[in-house]
$ cat query17.cif   # mmCIF, C-alpha atoms
data_target
#
loop_
_atom_site.label_atom_id
_atom_site.label_comp_id
_atom_site.auth_asym_id
_atom_site.auth_seq_id
_atom_site.Cartn_x
_atom_site.Cartn_y
_atom_site.Cartn_z
CA MET A 1 9.47 -22.42 -0.35
CA ARG A 2 7.93 -20.32 2.36
CA ALA A 3 9.01 -16.71 2.35
CA TRP A 4 8.09 -13.48 4.05
CA ARG A 5 6.91 -10.35 2.31
CA LEU A 6 7.78 -7.05 3.90
CA THR A 7 5.59 -4.14 2.80
CA VAL A 8 6.69 -0.69 3.93
CA LEU A 9 4.11 2.09 3.69
CA ILE A 10 5.55 5.59 3.49
CA GLY A 11 5.07 8.91 1.76
CA SER A 12 7.00 10.02 -1.30
CA ASP A 13 8.23 13.17 0.46
CA ALA A 14 9.69 11.43 3.50
CA ARG A 15 13.43 12.05 3.52
CA VAL A 16 16.41 10.80 5.45
CA ARG A 17 20.12 11.34 4.89
CA HIS A 18 19.39 13.93 2.19
CA HIS A 19 17.47 11.59 -0.05
CA ALA A 20 14.10 9.91 -0.29
CA LEU A 21 13.24 7.46 2.46
CA TYR A 22 12.19 4.85 -0.10
CA HIS A 23 15.63 5.13 -1.69
CA GLU A 24 17.30 4.68 1.68
CA LEU A 25 15.21 1.56 2.26
CA VAL A 26 16.32 0.13 -1.10
CA LEU A 27 19.96 0.93 -0.30
CA ARG A 28 19.66 -0.75 3.09
CA ALA A 29 17.96 -3.79 1.62
CA ARG A 30 20.74 -4.16 -0.90
CA ALA A 31 23.43 -3.63 1.73
CA ALA A 32 21.75 -6.31 3.86
CA GLY A 33 21.94 -8.71 0.93
CA LEU A 34 18.17 -9.09 0.60
CA ALA A 35 16.95 -10.73 -2.56
CA GLY A 36 15.32 -7.64 -4.04
CA ALA A 37 13.18 -4.59 -3.43
CA THR A 38 10.43 -2.98 -5.45
CA VAL A 39 9.16 0.56 -5.01
CA LEU A 40 5.61 1.40 -6.12
CA HIS A 41 4.42 4.95 -6.46
CA GLY A 42 0.78 5.64 -5.65
CA ARG A 43 -1.39 8.35 -7.10
CA GLU A 44 -3.74 8.96 -4.21
CA GLY A 45 -4.08 8.06 -0.58
CA TYR A 46 -3.99 9.03 3.03
CA GLY A 47 -2.35 7.82 6.20
CA SER A 48 -2.14 8.75 9.83
CA SER A 49 -2.28 12.50 9.10
CA GLY A 50 -5.74 12.00 7.65
CA PHE A 51 -4.97 14.33 4.74
CA VAL A 52 -5.87 12.89 1.35
CA HIS A 53 -3.00 13.43 -1.10
CA THR A 54 -3.85 13.03 -4.76
CA ASP A 55 -2.27 13.65 -8.14
CA ARG A 56 -5.65 14.91 -9.37
CA LEU A 57 -5.24 18.24 -7.57
CA LEU A 58 -2.07 20.25 -7.96
CA GLU A 59 -2.24 21.63 -4.43
CA SER A 60 -2.59 18.14 -2.90
CA ALA A 61 -0.17 16.27 -5.14
CA ASP A 62 2.64 16.18 -2.59
CA ASP A 63 3.66 13.25 -0.42
CA LEU A 64 1.88 10.56 -2.44
CA PRO A 65 1.83 7.01 -1.09
CA VAL A 66 4.87 4.87 -1.73
CA THR A 67 5.13 1.15 -1.02
CA VAL A 68 8.41 -0.74 -0.80
CA LEU A 69 8.09 -4.51 -1.26
CA ILE A 70 10.77 -6.96 -0.21
CA VAL A 71 10.45 -10.75 -0.30
CA ASP A 72 13.03 -13.02 1.31
CA THR A 73 13.30 -15.72 3.93
CA GLU A 74 11.76 -15.14 7.34
CA ASP A 75 15.18 -14.94 8.98
CA ARG A 76 16.50 -12.38 6.55
CA ILE A 77 13.35 -10.24 6.76
CA ARG A 78 13.42 -10.43 10.57
CA GLY A 79 17.07 -9.51 10.52
CA PHE A 80 16.30 -6.48 8.37
CA LEU A 81 13.57 -5.01 10.60
CA PRO A 82 16.02 -3.29 12.99
CA ARG A 83 17.53 -1.54 9.96
CA VAL A 84 14.07 -0.14 9.24
CA GLU A 85 13.35 0.75 12.85
CA GLU A 86 16.59 2.66 13.32
CA LEU A 87 15.50 5.14 10.64
CA THR A 88 13.09 6.58 13.20
CA ALA A 89 16.16 7.70 15.15
CA GLU A 90 17.36 9.60 12.08
CA GLY A 91 14.48 12.03 11.75
CA VAL A 92 11.76 9.83 10.28
CA ASP A 93 8.63 10.31 12.38
CA HIS A 94 7.18 6.85 11.92
CA ILE A 95 7.26 3.92 9.52
CA ASP A 96 4.45 1.40 9.12
CA VAL A 97 5.44 -2.06 7.98
CA LEU A 98 3.34 -5.08 7.13
CA LEU A 99 4.53 -8.66 7.21
CA ASP A 100 2.90 -11.66 5.64
CA GLU A 101 3.87 -15.13 4.61
CA VAL A 102 3.95 -16.05 0.94
CA GLU A 103 4.92 -19.05 -1.07
CA LEU A 104 7.95 -18.30 -3.19
CA LEU A 105 8.14 -20.26 -6.43
CA GLU A 106 11.45 -20.82 -8.09
CA LEU A 107 10.57 -21.16 -11.75
CA ARG A 108 13.27 -22.20 -14.13
CA MET B 109 7.88 0.21 18.14
CA THR B 110 4.30 -0.72 18.84
CA PRO B 111 3.78 -4.44 19.44
CA PRO B 112 3.09 -6.33 16.22
CA GLN B 113 -0.65 -6.50 15.60
CA ARG B 114 -2.74 -8.63 13.33
CA ALA B 115 -4.43 -6.53 10.69
CA LEU B 116 -6.48 -7.10 7.60
CA ARG B 117 -5.44 -5.86 4.17
CA LEU B 118 -8.26 -5.07 1.78
CA SER B 119 -7.16 -4.93 -1.86
CA ILE B 120 -9.57 -3.74 -4.52
CA VAL B 121 -8.88 -3.70 -8.25
CA VAL B 122 -11.16 -1.57 -10.39
CA GLY B 123 -10.83 0.12 -13.76
CA GLU B 124 -9.53 3.66 -13.91
CA SER B 125 -12.56 4.77 -15.90
CA ASP B 126 -15.11 3.10 -13.64
CA SER B 127 -17.21 5.92 -12.32
CA TRP B 128 -19.59 6.67 -9.50
CA HIS B 129 -21.86 9.67 -9.82
CA HIS B 130 -19.63 11.43 -12.35
CA HIS B 131 -16.32 10.87 -10.62
CA ALA B 132 -13.85 8.03 -10.51
CA LEU B 133 -14.89 4.98 -8.52
CA TYR B 134 -11.46 4.72 -6.88
CA VAL B 135 -11.84 8.28 -5.62
CA GLU B 136 -15.20 7.38 -4.10
CA ILE B 137 -13.70 4.32 -2.40
CA VAL B 138 -10.88 6.38 -0.86
CA HIS B 139 -13.40 9.01 0.18
CA ARG B 140 -15.59 6.44 1.90
CA ALA B 141 -12.62 4.77 3.60
CA HIS B 142 -11.52 8.17 4.86
CA LYS B 143 -15.02 9.03 6.04
CA ALA B 144 -15.26 5.65 7.78
CA GLY B 145 -12.12 6.53 9.70
CA LEU B 146 -10.04 3.68 8.34
CA ALA B 147 -6.34 4.01 9.10
CA GLY B 148 -5.18 4.64 5.55
CA ALA B 149 -5.61 3.94 1.88
CA SER B 150 -3.21 3.91 -1.04
CA VAL B 151 -4.05 3.92 -4.74
CA PHE B 152 -1.73 2.51 -7.38
CA ARG B 153 -2.24 2.52 -11.13
CA GLY B 154 -1.23 -0.47 -13.18
CA ILE B 155 0.32 -0.10 -16.61
CA GLU B 156 -1.58 -2.94 -18.25
CA GLY B 157 -4.25 -5.45 -17.36
CA TYR B 158 -7.61 -6.99 -17.89
CA GLY B 159 -10.34 -8.32 -15.67
CA ALA B 160 -13.97 -9.24 -15.36
CA ASN B 161 -14.68 -5.62 -14.72
CA SER B 162 -13.56 -4.62 -18.19
CA VAL B 163 -16.04 -6.96 -19.81
CA ILE B 164 -18.80 -4.92 -18.37
CA HIS B 165 -17.42 -1.48 -18.98
CA THR B 166 -15.31 -1.86 -22.10
CA PRO B 167 -15.51 -4.34 -24.97
CA HIS B 168 -12.77 -6.79 -24.06
CA LEU B 169 -9.67 -5.37 -22.45
CA PHE B 170 -8.56 -2.41 -20.48
CA ARG B 171 -7.82 -0.12 -23.38
CA LEU B 172 -4.34 1.31 -23.58
CA SER B 173 -3.96 4.36 -21.32
CA ASP B 174 -7.71 4.49 -21.03
CA ASP B 175 -9.11 2.03 -18.55
CA LEU B 176 -6.01 0.85 -16.76
CA PRO B 177 -6.24 -1.19 -13.58
CA ILE B 178 -6.33 0.69 -10.30
CA LEU B 179 -5.34 -1.05 -7.07
CA ILE B 180 -6.63 0.35 -3.80
CA VAL B 181 -5.04 -0.99 -0.63
CA ILE B 182 -6.55 -0.39 2.80
CA VAL B 183 -5.09 -1.81 6.02
CA ASP B 184 -6.70 -1.64 9.45
CA GLU B 185 -7.91 -3.85 12.28
CA ALA B 186 -9.99 -6.75 10.97
CA ASP B 187 -13.25 -5.57 12.56
CA ARG B 188 -12.94 -2.12 11.08
CA VAL B 189 -12.13 -3.42 7.61
CA ARG B 190 -15.02 -5.91 7.70
CA ALA B 191 -17.40 -3.17 8.85
CA PHE B 192 -16.40 -1.23 5.75
CA LEU B 193 -17.26 -4.02 3.29
CA PRO B 194 -20.99 -3.10 3.00
CA GLU B 195 -19.82 0.22 1.55
CA LEU B 196 -18.29 -1.73 -1.32
CA ASP B 197 -21.55 -3.58 -1.87
CA ALA B 198 -23.31 -0.25 -2.04
CA LEU B 199 -20.90 0.83 -4.77
CA ALA B 200 -21.65 -2.33 -6.78
CA ILE B 201 -17.97 -2.97 -7.42
CA ASN B 202 -17.40 -5.60 -10.06
CA GLY B 203 -13.64 -5.69 -9.67
CA LEU B 204 -11.42 -8.01 -7.70
CA VAL B 205 -11.69 -7.65 -3.93
CA THR B 206 -9.40 -9.64 -1.65
CA LEU B 207 -8.73 -9.74 2.07
CA ASP B 208 -5.57 -11.08 3.62
CA GLU B 209 -4.15 -11.12 7.09
CA VAL B 210 -0.96 -9.25 7.77
CA THR B 211 1.15 -8.38 10.77
CA HIS B 212 1.37 -4.63 11.29
CA ILE B 213 4.27 -2.99 13.09
CA ARG B 214 4.63 0.75 13.56
CA TYR B 215 8.10 2.08 14.25
CA ALA B 216 7.78 5.56 15.74
CA ALA B 217 10.40 8.16 16.57
CA GLY B 218 11.28 8.37 20.23
CA THR B 219 10.54 4.75 20.93
CA THR B 220 13.61 3.28 19.27
CA PRO B 221 16.09 1.80 21.73
CA ARG B 222 19.49 3.22 20.92
#
$ encode --input "query17.cif" --output "structure tokens"
Amino acid sequence: MRAWRLTVLIGSDARVRHHALYHELVLRARAAGLAGATVLHGREGYGSSGFVHTDRLLESADDLPVTVLIVDTEDRIRGFLPRVEELTAEGVDHIDVLLDEVELLELR
Amino acid sequence: MTPPQRALRLSIVVGESDSWHHHALYVEIVHRAHKAGLAGASVFRGIEGYGANSVIHTPHLFRLSDDLPILIVIVDEADRVRAFLPELDALAINGLVTLDEVTHIRYAAGTTPR
């Protein structure tokens, strides 16, 4: 079946409601009844700040890239986007999300 | 929210021990992406894997905790990503390089309707 993949690109130090933003996204995904969520921790990268964070240098090892992946039906992913957007009204400066279509296989 | 925009995602898989002029190849790729002004790059390390790359640099497989797969993900406007591809040729990357189209949305503080 056709499905949508939501990829959220954030930093590991981003916080909201006294915990990590990636954790809040997982909580919200679960509360919304989405099929699942996976959090991947990066070791190096940069974003809109232009500063390269890396685990190779102690002084730059903060705020490493984190990706949250969620795959579900188009409707459910679309329905979840406002729950992501509203985090920017709770102190999160910005959140970049990527959407793409994937084919979901149900293997039994 | 900015209007959804089409973007291109460049995904590159190399070995952790692949090197370029005495430093890690993935570091060089991030450095070049940064220098090229691409919007962002993220590096993830796999915990196991193998690939064509490993045949060249190690006997058969990524060795345990030695030459693990590294995934570099770069997302930007298609033109900018494609303009960056010659840099990868210059680095003679033997790993897996894929491009796929994505929709990019940026939610920014102060623009959220409440």
$ closest_atom_pairs --input "query17.cif" --of "chain A" --to "chain B" --cutoff "7 Å" --atoms "all atoms listed in the file" --output "JSON lines"
{"residue": "A:His41", "atom": "CA", "partner": "B:Phe152", "partner_atom": "CA", "distance": 6.7}
{"residue": "A:Gly42", "atom": "CA", "partner": "B:Phe152", "partner_atom": "CA", "distance": 4.4}
{"residue": "A:Arg43", "atom": "CA", "partner": "B:Val151", "partner_atom": "CA", "distance": 5.7}
{"residue": "A:Glu44", "atom": "CA", "partner": "B:Val151", "partner_atom": "CA", "distance": 5.1}
{"residue": "A:Gly45", "atom": "CA", "partner": "B:Ser150", "partner_atom": "CA", "distance": 4.3}
{"residue": "A:Tyr46", "atom": "CA", "partner": "B:Gly148", "partner_atom": "CA", "distance": 5.2}
{"residue": "A:Gly47", "atom": "CA", "partner": "B:Gly148", "partner_atom": "CA", "distance": 4.3}
{"residue": "A:Ser48", "atom": "CA", "partner": "B:Ala147", "partner_atom": "CA", "distance": 6.4}
{"residue": "A:Pro65", "atom": "CA", "partner": "B:Ser150", "partner_atom": "CA", "distance": 5.9}
{"residue": "A:Glu85", "atom": "CA", "partner": "B:Tyr215", "partner_atom": "CA", "distance": 5.6}
{"residue": "A:Glu86", "atom": "CA", "partner": "B:Thr220", "partner_atom": "CA", "distance": 6.7}
{"residue": "A:Thr88", "atom": "CA", "partner": "B:Ala217", "partner_atom": "CA", "distance": 4.6}
{"residue": "A:Ala89", "atom": "CA", "partner": "B:Ala217", "partner_atom": "CA", "distance": 6.0}
{"residue": "A:Val92", "atom": "CA", "partner": "B:Ala217", "partner_atom": "CA", "distance": 6.6}
{"residue": "A:Asp93", "atom": "CA", "partner": "B:Ala217", "partner_atom": "CA", "distance": 5.0}
{"residue": "A:His94", "atom": "CA", "partner": "B:Ala216", "partner_atom": "CA", "distance": 4.1}
{"residue": "A:Ile95", "atom": "CA", "partner": "B:Tyr215", "partner_atom": "CA", "distance": 5.1}
{"residue": "A:Asp96", "atom": "CA", "partner": "B:Arg214", "partner_atom": "CA", "distance": 4.5}
{"residue": "A:Val97", "atom": "CA", "partner": "B:Ile213", "partner_atom": "CA", "distance": 5.3}
{"residue": "A:Leu98", "atom": "CA", "partner": "B:His212", "partner_atom": "CA", "distance": 4.6}
{"residue": "A:Leu99", "atom": "CA", "partner": "B:Thr211", "partner_atom": "CA", "distance": 4.9}
{"residue": "A:Asp100", "atom": "CA", "partner": "B:Val210", "partner_atom": "CA", "distance": 5.0}
$ resolve_selection --input "query17.cif" --expression "the PyMOL selection byres ((chain A and resi 28) around 12)" --output "list in words"
Leu21, Tyr22, His23, Glu24, Leu25, Val26, Leu27, Ala29, Arg30, Ala31, Ala32, Gly33, Leu34, Ala35, Gly36, Ala37, Val68, Ile70, Ile77, Gly79, Phe80, Leu81, Pro82, Arg83, Val84, Glu85, Glu86 and Leu87 of chain A
$ resolve_selection --input "query17.cif" --expression "the PyMOL selection byres ((chain A and resi 67) around 6)" --output "VMD selection string"
chain A and resid 8 to 9 39 to 40 66 68
$ resolve_selection --input "query17.cif" --expression "the PyMOL selection byres ((chain B and resi 200) around 12)" --output "list of chain:residue names"
B:Val122, B:Asp126, B:Ser127, B:Trp128, B:Leu133, B:Glu136, B:Ile137, B:Asn161, B:Leu193, B:Pro194, B:Glu195, B:Leu196, B:Asp197, B:Ala198, B:Leu199, B:Ile201, B:Asn202, B:Gly203, B:Leu204, B:Val205
$ residues_near_point --input "query17.cif" --point "(-9.9, 2.3, -16.6)" --cutoff "6 Å" --atoms "all atoms listed in the file" --output "short mmCIF file (atom, residue, chain, number, x, y, z; two decimals) with C-alpha atoms, in the coordinates of the input"
data_model
loop_
_atom_site.label_atom_id
_atom_site.label_comp_id
_atom_site.auth_asym_id
_atom_site.auth_seq_id
_atom_site.Cartn_x
_atom_site.Cartn_y
_atom_site.Cartn_z
CA GLY B 123 -10.83 0.12 -13.76
CA GLU B 124 -9.53 3.66 -13.91
CA SER B 125 -12.56 4.77 -15.90
CA ASP B 174 -7.71 4.49 -21.03
CA ASP B 175 -9.11 2.03 -18.55
CA LEU B 176 -6.01 0.85 -16.76
CA PRO B 177 -6.24 -1.19 -13.58
#
$ atom_distance --input "query17.cif" --atom1 "atom CA of Val102 of chain A" --atom2 "atom CA of Leu69 of chain A"
12.5 Å
$ atom_distance --input "query17.cif" --atom1 "atom CA of Thr206 of chain B" --atom2 "atom CA of Leu116 of chain B"
10.0 Å
$ axis_aligned_box --input "query17.cif" --around "segment 81-98 of chain A" --padding-each-side "6 Å" --output "AutoDock Vina command-line options"
--center_x 10.4 --center_y 3.5 --center_z 11.1 --size_x 26.2 --size_y 29.1 --size_z 20.0
$ atom_distance --input "query17.cif" --atom1 "atom CA of Glu90 of chain A" --atom2 "atom CA of His19 of chain A"
12.3 Å
